[in-house]
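Chemist: Sending over final_3.pdb (PDB, C-alpha atoms and all ligand atoms).
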ATOM      1  CA  MET A 143     -66.099 139.262 229.724  1.00  0.00           C
ATOM      2  CA  LYS A 144     -69.580 138.008 230.673  1.00  0.00           C
ATOM      3  CA  LYS A 145     -70.422 138.012 234.376  1.00  0.00           C
ATOM      4  CA  VAL A 146     -71.384 135.005 236.481  1.00  0.00           C
ATOM      5  CA  ALA A 147     -74.249 135.351 238.954  1.00  0.00           C
ATOM      6  CA  ILE A 148     -74.204 133.457 242.212  1.00  0.00           C
ATOM      7  CA  ILE A 149     -77.635 133.225 243.794  1.00  0.00           C
ATOM      8  CA  MET A 150     -78.161 131.518 247.154  1.00  0.00           C
ATOM      9  CA  GLY A 151     -81.491 130.662 248.715  1.00  0.00           C
ATOM     10  CA  SER A 152     -80.491 131.916 252.157  1.00  0.00           C
ATOM     11  CA  ASP A 153     -77.551 133.666 253.765  1.00  0.00           C
ATOM     12  CA  SER A 154     -77.100 130.399 255.695  1.00  0.00           C
ATOM     13  CA  ASP A 155     -75.792 128.941 252.388  1.00  0.00           C
ATOM     14  CA  LEU A 156     -72.888 131.406 252.326  1.00  0.00           C
ATOM     15  CA  PRO A 157     -70.250 129.141 253.934  1.00  0.00           C
ATOM     16  CA  VAL A 158     -70.733 126.699 251.038  1.00  0.00           C
ATOM     17  CA  VAL A 159     -71.027 129.398 248.391  1.00  0.00           C
ATOM     18  CA  GLU A 160     -67.789 131.095 249.436  1.00  0.00           C
ATOM     19  CA  LYS A 161     -65.773 128.463 247.569  1.00  0.00           C
ATOM     20  CA  ALA A 162     -67.558 129.404 244.335  1.00  0.00           C
ATOM     21  CA  ILE A 163     -66.888 133.086 244.948  1.00  0.00           C
ATOM     22  CA  SER A 164     -63.177 132.520 245.601  1.00  0.00           C
ATOM     23  CA  THR A 165     -62.823 130.209 242.590  1.00  0.00           C
ATOM     24  CA  LEU A 166     -64.376 132.762 240.236  1.00  0.00           C
ATOM     25  CA  LYS A 167     -62.158 135.437 241.757  1.00  0.00           C
ATOM     26  CA  LYS A 168     -59.086 133.285 241.071  1.00  0.00           C
ATOM     27  CA  TYR A 169     -59.995 133.373 237.372  1.00  0.00           C
ATOM     28  CA  SER A 170     -60.836 137.115 237.520  1.00  0.00           C
ATOM     29  CA  VAL A 171     -64.390 136.430 236.381  1.00  0.00           C
ATOM     30  CA  PRO A 172     -66.707 139.333 237.231  1.00  0.00           C
ATOM     31  CA  THR A 173     -69.261 138.095 239.736  1.00  0.00           C
ATOM     32  CA  GLU A 174     -72.481 139.301 241.280  1.00  0.00           C
ATOM     33  CA  VAL A 175     -73.770 137.617 244.436  1.00  0.00           C
ATOM     34  CA  HIS A 176     -77.377 137.704 245.714  1.00  0.00           C
ATOM     35  CA  VAL A 177     -79.710 136.050 248.203  1.00  0.00           C
ATOM     36  CA  TYR A 178     -82.946 135.230 246.370  1.00  0.00           C
ATOM     37  CA  SER A 179     -85.214 132.365 247.287  1.00  0.00           C
ATOM     38  CA  ALA A 180     -87.561 130.397 245.045  1.00  0.00           C
ATOM     39  CA  HIS A 181     -89.980 130.283 247.962  1.00  0.00           C
ATOM     40  CA  ARG A 182     -89.392 133.371 250.069  1.00  0.00           C
ATOM     41  CA  THR A 183     -88.630 135.951 247.347  1.00  0.00           C
ATOM     42  CA  PRO A 184     -89.891 134.296 244.141  1.00  0.00           C
ATOM     43  CA  VAL A 185     -90.660 137.597 242.401  1.00  0.00           C
ATOM     44  CA  GLN A 186     -87.087 138.874 242.818  1.00  0.00           C
ATOM     45  CA  ALA A 187     -85.602 135.509 241.781  1.00  0.00           C
ATOM     46  CA  LYS A 188     -87.696 135.398 238.617  1.00  0.00           C
ATOM     47  CA  GLU A 189     -86.998 139.013 237.735  1.00  0.00           C
ATOM     48  CA  PHE A 190     -83.260 138.464 238.122  1.00  0.00           C
ATOM     49  CA  ALA A 191     -83.309 135.442 235.809  1.00  0.00           C
ATOM     50  CA  GLN A 192     -85.490 137.161 233.212  1.00  0.00           C
ATOM     51  CA  ASN A 193     -83.072 140.103 232.970  1.00  0.00           C
ATOM     52  CA  ALA A 194     -79.792 138.213 233.447  1.00  0.00           C
ATOM     53  CA  ARG A 195     -78.838 137.894 229.773  1.00  0.00           C
ATOM     54  CA  LYS A 196     -79.447 141.531 228.954  1.00  0.00           C
ATOM     55  CA  ASN A 197     -77.610 142.498 232.148  1.00  0.00           C
ATOM     56  CA  GLY A 198     -74.412 140.879 230.874  1.00  0.00           C
ATOM     57  CA  PHE A 199     -74.400 137.492 232.564  1.00  0.00           C
ATOM     58  CA  GLY A 200     -73.101 134.360 230.835  1.00  0.00           C
ATOM     59  CA  ALA A 201     -74.095 131.792 233.450  1.00  0.00           C
ATOM     60  CA  ILE A 202     -75.899 131.534 236.773  1.00  0.00           C
ATOM     61  CA  ILE A 203     -74.962 129.487 239.830  1.00  0.00           C
ATOM     62  CA  ALA A 204     -77.838 128.671 242.177  1.00  0.00           C
ATOM     63  CA  ALA A 205     -77.177 127.240 245.631  1.00  0.00           C
ATOM     64  CA  ALA A 206     -79.988 126.021 247.858  1.00  0.00           C
ATOM     65  CA  GLY A 207     -80.753 123.419 250.472  1.00  0.00           C
ATOM     66  CA  LYS A 208     -83.773 121.395 251.599  1.00  0.00           C
ATOM     67  CA  ALA A 209     -86.578 121.568 248.968  1.00  0.00           C
ATOM     68  CA  ALA A 210     -84.089 123.219 246.640  1.00  0.00           C
ATOM     69  CA  HIS A 211     -86.153 124.662 243.796  1.00  0.00           C
ATOM     70  CA  LEU A 212     -84.015 127.746 243.243  1.00  0.00           C
ATOM     71  CA  ALA A 213     -81.895 126.486 240.344  1.00  0.00           C
ATOM     72  CA  GLY A 214     -84.940 125.111 238.541  1.00  0.00           C
ATOM     73  CA  ALA A 215     -86.987 128.224 239.155  1.00  0.00           C
ATOM     74  CA  LEU A 216     -84.210 130.443 237.743  1.00  0.00           C
ATOM     75  CA  ALA A 217     -83.713 128.091 234.782  1.00  0.00           C
ATOM     76  CA  ALA A 218     -87.418 128.387 233.999  1.00  0.00           C
ATOM     77  CA  SER A 219     -86.963 132.107 233.355  1.00  0.00           C
ATOM     78  CA  THR A 220     -83.745 132.185 231.323  1.00  0.00           C
ATOM     79  CA  THR A 221     -81.926 130.241 228.620  1.00  0.00           C
ATOM     80  CA  LEU A 222     -78.552 131.056 230.171  1.00  0.00           C
ATOM     81  CA  PRO A 223     -76.825 127.960 231.578  1.00  0.00           C
ATOM     82  CA  VAL A 224     -77.820 127.412 235.210  1.00  0.00           C
ATOM     83  CA  VAL A 225     -75.531 125.407 237.488  1.00  0.00           C
ATOM     84  CA  GLY A 226     -77.169 124.078 240.646  1.00  0.00           C
ATOM     85  CA  ILE A 227     -75.369 123.460 243.943  1.00  0.00           C
ATOM     86  CA  PRO A 228     -77.383 121.259 246.291  1.00  0.00           C
ATOM     87  CA  VAL A 229     -76.535 122.477 249.786  1.00  0.00           C
ATOM     88  CA  LYS A 230     -76.284 120.111 252.714  1.00  0.00           C
ATOM     89  CA  SER A 231     -78.430 121.793 255.355  1.00  0.00           C
ATOM     90  CA  SER A 232     -79.825 120.119 258.469  1.00  0.00           C
ATOM     91  CA  THR A 233     -81.430 116.700 258.343  1.00  0.00           C
ATOM     92  CA  LEU A 234     -81.231 114.708 255.095  1.00  0.00           C
ATOM     93  CA  ASP A 235     -77.514 115.327 254.446  1.00  0.00           C
ATOM     94  CA  GLY A 236     -78.199 117.245 251.250  1.00  0.00           C
ATOM     95  CA  VAL A 237     -79.861 114.352 249.439  1.00  0.00           C
ATOM     96  CA  ASP A 238     -83.132 116.291 249.615  1.00  0.00           C
ATOM     97  CA  ALA A 239     -81.502 119.257 247.874  1.00  0.00           C
ATOM     98  CA  LEU A 240     -79.644 117.022 245.412  1.00  0.00           C
ATOM     99  CA  LEU A 241     -82.830 115.366 244.186  1.00  0.00           C
ATOM    100  CA  SER A 242     -84.761 118.646 244.142  1.00  0.00           C
ATOM    101  CA  THR A 243     -82.046 120.260 242.024  1.00  0.00           C
ATOM    102  CA  VAL A 244     -81.086 117.443 239.674  1.00  0.00           C
ATOM    103  CA  GLN A 245     -84.458 115.960 238.765  1.00  0.00           C
ATOM    104  CA  MET A 246     -85.504 118.602 236.267  1.00  0.00           C
ATOM    105  CA  PRO A 247     -88.165 117.915 233.657  1.00  0.00           C
ATOM    106  CA  SER A 248     -87.112 117.799 229.980  1.00  0.00           C
ATOM    107  CA  GLY A 249     -86.809 121.223 228.407  1.00  0.00           C
ATOM    108  CA  ILE A 250     -85.490 123.118 231.445  1.00  0.00           C
ATOM    109  CA  PRO A 251     -81.964 121.855 232.183  1.00  0.00           C
ATOM    110  CA  VAL A 252     -79.984 122.480 235.353  1.00  0.00           C
ATOM    111  CA  ALA A 253     -76.353 121.323 235.428  1.00  0.00           C
ATOM    112  CA  THR A 254     -76.179 119.935 238.952  1.00  0.00           C
ATOM    113  CA  VAL A 255     -72.869 119.496 240.759  1.00  0.00           C
ATOM    114  CA  ALA A 256     -72.193 117.395 243.852  1.00  0.00           C
ATOM    115  CA  ILE A 257     -73.679 118.218 247.258  1.00  0.00           C
ATOM    116  CA  ASP A 258     -71.803 121.356 248.424  1.00  0.00           C
ATOM    117  CA  GLY A 259     -69.797 121.217 245.172  1.00  0.00           C
ATOM    118  CA  ALA A 260     -69.312 124.962 244.949  1.00  0.00           C
ATOM    119  CA  ALA A 261     -65.799 124.875 243.477  1.00  0.00           C
ATOM    120  CA  ASN A 262     -66.928 122.686 240.590  1.00  0.00           C
ATOM    121  CA  ALA A 263     -69.952 124.926 239.988  1.00  0.00           C
ATOM    122  CA  ALA A 264     -67.614 127.871 239.564  1.00  0.00           C
ATOM    123  CA  LEU A 265     -65.184 125.886 237.408  1.00  0.00           C
ATOM    124  CA  LEU A 266     -68.025 124.767 235.150  1.00  0.00           C
ATOM    125  CA  CYS A 267     -69.026 128.405 234.680  1.00  0.00           C
ATOM    126  CA  VAL A 268     -65.429 129.332 233.881  1.00  0.00           C
ATOM    127  CA  GLN A 269     -65.382 126.512 231.329  1.00  0.00           C
ATOM    128  CA  ILE A 270     -68.626 127.817 229.804  1.00  0.00           C
ATOM    129  CA  LEU A 271     -67.139 131.306 229.440  1.00  0.00           C
ATOM    130  CA  ALA A 272     -63.882 129.805 228.146  1.00  0.00           C
ATOM    131  CA  VAL A 273     -65.663 128.438 225.070  1.00  0.00           C
ATOM    132  CA  THR A 274     -65.282 131.919 223.594  1.00  0.00           C
ATOM    133  CA  ASP A 275     -62.397 133.211 225.736  1.00  0.00           C
ATOM    134  CA  GLU A 276     -58.963 131.851 224.861  1.00  0.00           C
ATOM    135  CA  GLU A 277     -57.250 133.498 227.827  1.00  0.00           C
ATOM    136  CA  LEU A 278     -59.608 131.811 230.286  1.00  0.00           C
ATOM    137  CA  ALA A 279     -59.116 128.489 228.505  1.00  0.00           C
ATOM    138  CA  GLU A 280     -55.346 128.848 228.932  1.00  0.00           C
ATOM    139  CA  LYS A 281     -55.771 129.586 232.651  1.00  0.00           C
ATOM    140  CA  LEU A 282     -57.906 126.455 233.010  1.00  0.00           C
ATOM    141  CA  ASP A 283     -55.251 124.361 231.236  1.00  0.00           C
ATOM    142  CA  ALA A 284     -52.522 125.790 233.481  1.00  0.00           C
ATOM    143  CA  GLU A 285     -54.535 125.016 236.637  1.00  0.00           C
ATOM    144  CA  ARG A 286     -55.182 121.440 235.483  1.00  0.00           C
ATOM    145  CA  ALA A 287     -51.458 120.951 234.793  1.00  0.00           C
ATOM    146  CA  GLU A 288     -50.608 122.330 238.247  1.00  0.00           C
ATOM    147  CA  ASN A 289     -53.106 119.987 239.914  1.00  0.00           C
ATOM    148  CA  THR A 290     -51.757 117.011 237.979  1.00  0.00           C
ATOM    149  CA  ALA A 291     -48.212 117.850 239.121  1.00  0.00           C
ATOM    150  CA  LYS A 292     -49.389 118.037 242.760  1.00  0.00           C
ATOM    151  CA  ILE A 293     -51.093 114.641 242.583  1.00  0.00           C
ATOM    152  CA  LEU A 294     -48.056 113.049 240.933  1.00  0.00           C
ATOM    153  CA  GLU A 295     -45.882 114.472 243.720  1.00  0.00           C
ATOM    154  CA  LYS A 296     -48.192 112.873 246.316  1.00  0.00           C
ATOM    155  CA  ASP A 297     -47.983 109.597 244.411  1.00  0.00           C
ATOM    156  CA  ARG A 298     -44.189 109.778 244.499  1.00  0.00           C
ATOM    157  CA  GLU A 299     -44.111 110.528 248.250  1.00  0.00           C
ATOM    158  CA  ILE A 300     -46.541 107.754 249.193  1.00  0.00           C
ATOM    159  CA  SER A 301     -44.970 105.257 246.840  1.00  0.00           C
ATOM    160  CA  GLU A 302     -41.479 105.936 248.259  1.00  0.00           C
ATOM    161  CA  LYS A 303     -42.724 105.658 251.844  1.00  0.00           C
ATOM    162  CA  TYR A 304     -44.857 102.531 251.594  1.00  0.00           C
ATOM    163  CA  SER A 305     -43.634 100.443 248.661  1.00  0.00           C
ATOM    164  CA  GLY A 306     -41.018  97.754 249.099  1.00  0.00           C
TER
HETATM  165  C1  LIG B 401     -83.165 126.819 251.580  1.00  0.00           C
HETATM  166  O1  LIG B 401     -83.442 126.429 252.866  1.00  0.00           O
HETATM  167  C2  LIG B 401     -81.912 127.647 251.666  1.00  0.00           C
HETATM  168  O2  LIG B 401     -81.215 127.587 250.450  1.00  0.00           O
HETATM  169  C3  LIG B 401     -81.153 127.013 252.800  1.00  0.00           C
HETATM  170  O3  LIG B 401     -80.209 126.048 252.351  1.00  0.00           O
HETATM  171  C4  LIG B 401     -82.245 126.288 253.585  1.00  0.00           C
HETATM  172  C5  LIG B 401     -82.409 126.816 254.975  1.00  0.00           C
HETATM  173  O4  LIG B 401     -82.607 128.207 254.947  1.00  0.00           O
HETATM  174  P1  LIG B 401     -82.618 129.050 256.295  1.00  0.00           P
HETATM  175  O5  LIG B 401     -83.824 128.583 257.082  1.00  0.00           O
HETATM  176  O6  LIG B 401     -81.327 128.767 257.003  1.00  0.00           O
HETATM  177  O7  LIG B 401     -82.733 130.499 255.879  1.00  0.00           O
HETATM  178  O8  LIG B 401     -84.193 127.559 251.010  1.00  0.00           O
END
Since I need it in another form, could you write the structure as structure tokens?

Modeler:
Amino acid sequence: MKKVAIIMGSDSDLPVVEKAISTLKKYSVPTEVHVYSAHRTPVQAKEFAQNARKNGFGAIIAAAGKAAHLAGALAASTTLPVVGIPVKSSTLDGVDALLSTVQMPSGIPVATVAIDGAANAALLCVQILAVTDEELAEKLDAERAENTAKILEKDREISEKYSG
């Protein structure tokens, strides 16, 4: 199976990124995690992206806050799918990172999830790998069915308690 890379701009992003790590683990997707910054270690970030395909990766998750150029900078150096997580750090509630990540120029796409949306970033990568992996696709279907059952149970509980 192809690996998924999780790159974060700073170790301070780890509390958000942990949800992506645990989600990929749940699906037994091989994962490699690094701290590379578009601004502080641009050479290492670029080198990683340039070599990612030949190193067996199928997708890259990039998490960064503030002027969050990491996902775009990685996407500039690879044609693997790059999923950006805008991280809510300090002042502007993550809107700074959201706009920095999502507003990519034509030709260099970044699939941007919600602010701190690490679980969805991982799920999107699983879905990308599942295009050619039937077993993963079945796991995704099973998880969706389980989630649907949970929500319907909540509906039943709340409906019983408050309707009338
Ligand atoms: C970004 O700046 C990082 O991704 C992080 O979200 C933010 C703050 O980094 P630190 O100053 O905490 O290292 O590049």

Chemist: Give me, as a tab-separated table, the closest atom pair and its distance (Å, one decimal) for every residue of range 243-271 of chain A within a cut-off of 12 Å of range 158-180 of chain A, counting all atoms listed in the file, rows sorted by chain and rising number.

Modeler:
residue	atom	partner	partner_atom	distance
A:Thr243	CA	A:Ala180	CA	11.9
A:Val255	CA	A:Ala162	CA	11.8
A:Ala256	CA	A:Val158	CA	11.8
A:Ile257	CA	A:Val158	CA	9.7
A:Asp258	CA	A:Val158	CA	6.0
A:Gly259	CA	A:Val158	CA	8.1
A:Ala260	CA	A:Ala162	CA	4.8
A:Ala261	CA	A:Ala162	CA	4.9
A:Asn262	CA	A:Ala162	CA	7.7
A:Ala263	CA	A:Ala162	CA	6.7
A:Ala264	CA	A:Ala162	CA	5.0
A:Leu265	CA	A:Thr165	CA	7.1
A:Leu266	CA	A:Leu166	CA	10.2
A:Cys267	CA	A:Leu166	CA	8.5
A:Val268	CA	A:Leu166	CA	7.3
A:Gln269	CA	A:Tyr169	CA	10.6
A:Ile270	CA	A:Val171	CA	11.6
A:Leu271	CA	A:Val171	CA	9.1

Chemist: Please, which residues in chain A fall within 10 Å of ligand LIG 401 (chain B) when counting all atoms listed in the file, and what is the closest atom pair and distance in Å to one decimal for each, ordered by chain then residue number, as JSON lines?

Modeler:
{"residue": "A:Ile149", "atom": "CA", "partner": "B:LIG401", "partner_atom": "O2", "distance": 9.4}
{"residue": "A:Met150", "atom": "CA", "partner": "B:LIG401", "partner_atom": "O2", "distance": 6.0}
{"residue": "A:Gly151", "atom": "CA", "partner": "B:LIG401", "partner_atom": "O2", "distance": 3.5}
{"residue": "A:Ser152", "atom": "CA", "partner": "B:LIG401", "partner_atom": "C2", "distance": 4.5}
{"residue": "A:Asp153", "atom": "CA", "partner": "B:LIG401", "partner_atom": "O7", "distance": 6.4}
{"residue": "A:Ser154", "atom": "CA", "partner": "B:LIG401", "partner_atom": "O6", "distance": 4.7}
{"residue": "A:Asp155", "atom": "CA", "partner": "B:LIG401", "partner_atom": "O3", "distance": 5.3}
{"residue": "A:Leu156", "atom": "CA", "partner": "B:LIG401", "partner_atom": "O3", "distance": 9.1}
{"residue": "A:Val158", "atom": "CA", "partner": "B:LIG401", "partner_atom": "O3", "distance": 9.6}
{"residue": "A:Val177", "atom": "CA", "partner": "B:LIG401", "partner_atom": "O2", "distance": 8.9}
{"residue": "A:Tyr178", "atom": "CA", "partner": "B:LIG401", "partner_atom": "O2", "distance": 8.8}
{"residue": "A:Ser179", "atom": "CA", "partner": "B:LIG401", "partner_atom": "O8", "distance": 6.2}
{"residue": "A:Ala180", "atom": "CA", "partner": "B:LIG401", "partner_atom": "O8", "distance": 7.4}
{"residue": "A:His181", "atom": "CA", "partner": "B:LIG401", "partner_atom": "O8", "distance": 7.1}
{"residue": "A:Arg182", "atom": "CA", "partner": "B:LIG401", "partner_atom": "O8", "distance": 7.9}
{"residue": "A:Ala204", "atom": "CA", "partner": "B:LIG401", "partner_atom": "O2", "distance": 9.0}
{"residue": "A:Ala205", "atom": "CA", "partner": "B:LIG401", "partner_atom": "O2", "distance": 6.3}
{"residue": "A:Ala206", "atom": "CA", "partner": "B:LIG401", "partner_atom": "O2", "distance": 3.3}
{"residue": "A:Gly207", "atom": "CA", "partner": "B:LIG401", "partner_atom": "O3", "distance": 3.3}
{"residue": "A:Lys208", "atom": "CA", "partner": "B:LIG401", "partner_atom": "O1", "distance": 5.2}
{"residue": "A:Ala209", "atom": "CA", "partner": "B:LIG401", "partner_atom": "O8", "distance": 6.8}
{"residue": "A:Ala210", "atom": "CA", "partner": "B:LIG401", "partner_atom": "O8", "distance": 6.2}
{"residue": "A:His211", "atom": "CA", "partner": "B:LIG401", "partner_atom": "O8", "distance": 8.0}
{"residue": "A:Leu212", "atom": "CA", "partner": "B:LIG401", "partner_atom": "O2", "distance": 7.7}
{"residue": "A:Ile227", "atom": "CA", "partner": "B:LIG401", "partner_atom": "O2", "distance": 9.7}
{"residue": "A:Pro228", "atom": "CA", "partner": "B:LIG401", "partner_atom": "O3", "distance": 8.2}
{"residue": "A:Val229", "atom": "CA", "partner": "B:LIG401", "partner_atom": "O3", "distance": 5.7}
{"residue": "A:Lys230", "atom": "CA", "partner": "B:LIG401", "partner_atom": "O3", "distance": 7.1}
{"residue": "A:Ser231", "atom": "CA", "partner": "B:LIG401", "partner_atom": "O3", "distance": 5.5}
{"residue": "A:Ser232", "atom": "CA", "partner": "B:LIG401", "partner_atom": "C5", "distance": 8.0}
{"residue": "A:Gly236", "atom": "CA", "partner": "B:LIG401", "partner_atom": "O3", "distance": 9.1}
{"residue": "A:Ala239", "atom": "CA", "partner": "B:LIG401", "partner_atom": "O3", "distance": 8.2}

Chemist: Looking at all atoms listed in the file, which of A:Pro251, A:Lys292, A:Ala279, A:Val237 is the one that sits closest to Pro223 in chain A?

Modeler: A:Pro251

Chemist: Between CA of Ala201 in chain A and CA of Gly226 in chain A, what distance in Å does the model show, to one decimal?

Modeler: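 Distance between the two atoms: 11.0 Å.
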
Chemist: Calculate how many Å separate CA of Gly198 in chain A from CA of Pro157 in chain A, rounding to one decimal.

Modeler: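 If I compute the distance from CA of Gly198 in chain A to CA of Pro157 in chain A, I get 26.2 Å.
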
Chemist: Let me make sure I understand: among A:Glu277, A:Thr233, A:Asp238, A:Lys145, which one has the smallest atom-to-atom distance to Arg195 in chain A if we use only C-alpha atoms?

Modeler: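 Going through A:Glu277, A:Thr233, A:Asp238, A:Lys145 one by one, the smallest distance to Arg195 in chain A is for A:Lys145.
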
Chemist: Work out how far apart CA of Gly249 in chain A and CA of Ala217 in chain A are and give it in Å to one decimal.

Modeler: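 Between these atoms lies a distance of 9.9 Å.
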
Chemist: Name the residues within 12 Å of (-87.7, 134.6, 233.9), counting all atoms listed in the file in the file's coordinates, and put them as a PDB file with C-alpha atoms, in the frame of the given file.

Modeler:
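New file selection30.pdb:
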ATOM      1  CA  ALA A 180     -87.561 130.397 245.045  1.00  0.00           C
ATOM      2  CA  PRO A 184     -89.891 134.296 244.141  1.00  0.00           C
ATOM      3  CA  VAL A 185     -90.660 137.597 242.401  1.00  0.00           C
ATOM      4  CA  GLN A 186     -87.087 138.874 242.818  1.00  0.00           C
ATOM      5  CA  ALA A 187     -85.602 135.509 241.781  1.00  0.00           C
ATOM      6  CA  LYS A 188     -87.696 135.398 238.617  1.00  0.00           C
ATOM      7  CA  GLU A 189     -86.998 139.013 237.735  1.00  0.00           C
ATOM      8  CA  PHE A 190     -83.260 138.464 238.122  1.00  0.00           C
ATOM      9  CA  ALA A 191     -83.309 135.442 235.809  1.00  0.00           C
ATOM     10  CA  GLN A 192     -85.490 137.161 233.212  1.00  0.00           C
ATOM     11  CA  ASN A 193     -83.072 140.103 232.970  1.00  0.00           C
ATOM     12  CA  ALA A 194     -79.792 138.213 233.447  1.00  0.00           C
ATOM     13  CA  ARG A 195     -78.838 137.894 229.773  1.00  0.00           C
ATOM     14  CA  LYS A 196     -79.447 141.531 228.954  1.00  0.00           C
ATOM     15  CA  ALA A 213     -81.895 126.486 240.344  1.00  0.00           C
ATOM     16  CA  GLY A 214     -84.940 125.111 238.541  1.00  0.00           C
ATOM     17  CA  ALA A 215     -86.987 128.224 239.155  1.00  0.00           C
ATOM     18  CA  LEU A 216     -84.210 130.443 237.743  1.00  0.00           C
ATOM     19  CA  ALA A 217     -83.713 128.091 234.782  1.00  0.00           C
ATOM     20  CA  ALA A 218     -87.418 128.387 233.999  1.00  0.00           C
ATOM     21  CA  SER A 219     -86.963 132.107 233.355  1.00  0.00           C
ATOM     22  CA  THR A 220     -83.745 132.185 231.323  1.00  0.00           C
ATOM     23  CA  THR A 221     -81.926 130.241 228.620  1.00  0.00           C
ATOM     24  CA  LEU A 222     -78.552 131.056 230.171  1.00  0.00           C
ATOM     25  CA  ILE A 250     -85.490 123.118 231.445  1.00  0.00           C
TER      26      ILE A 250
END
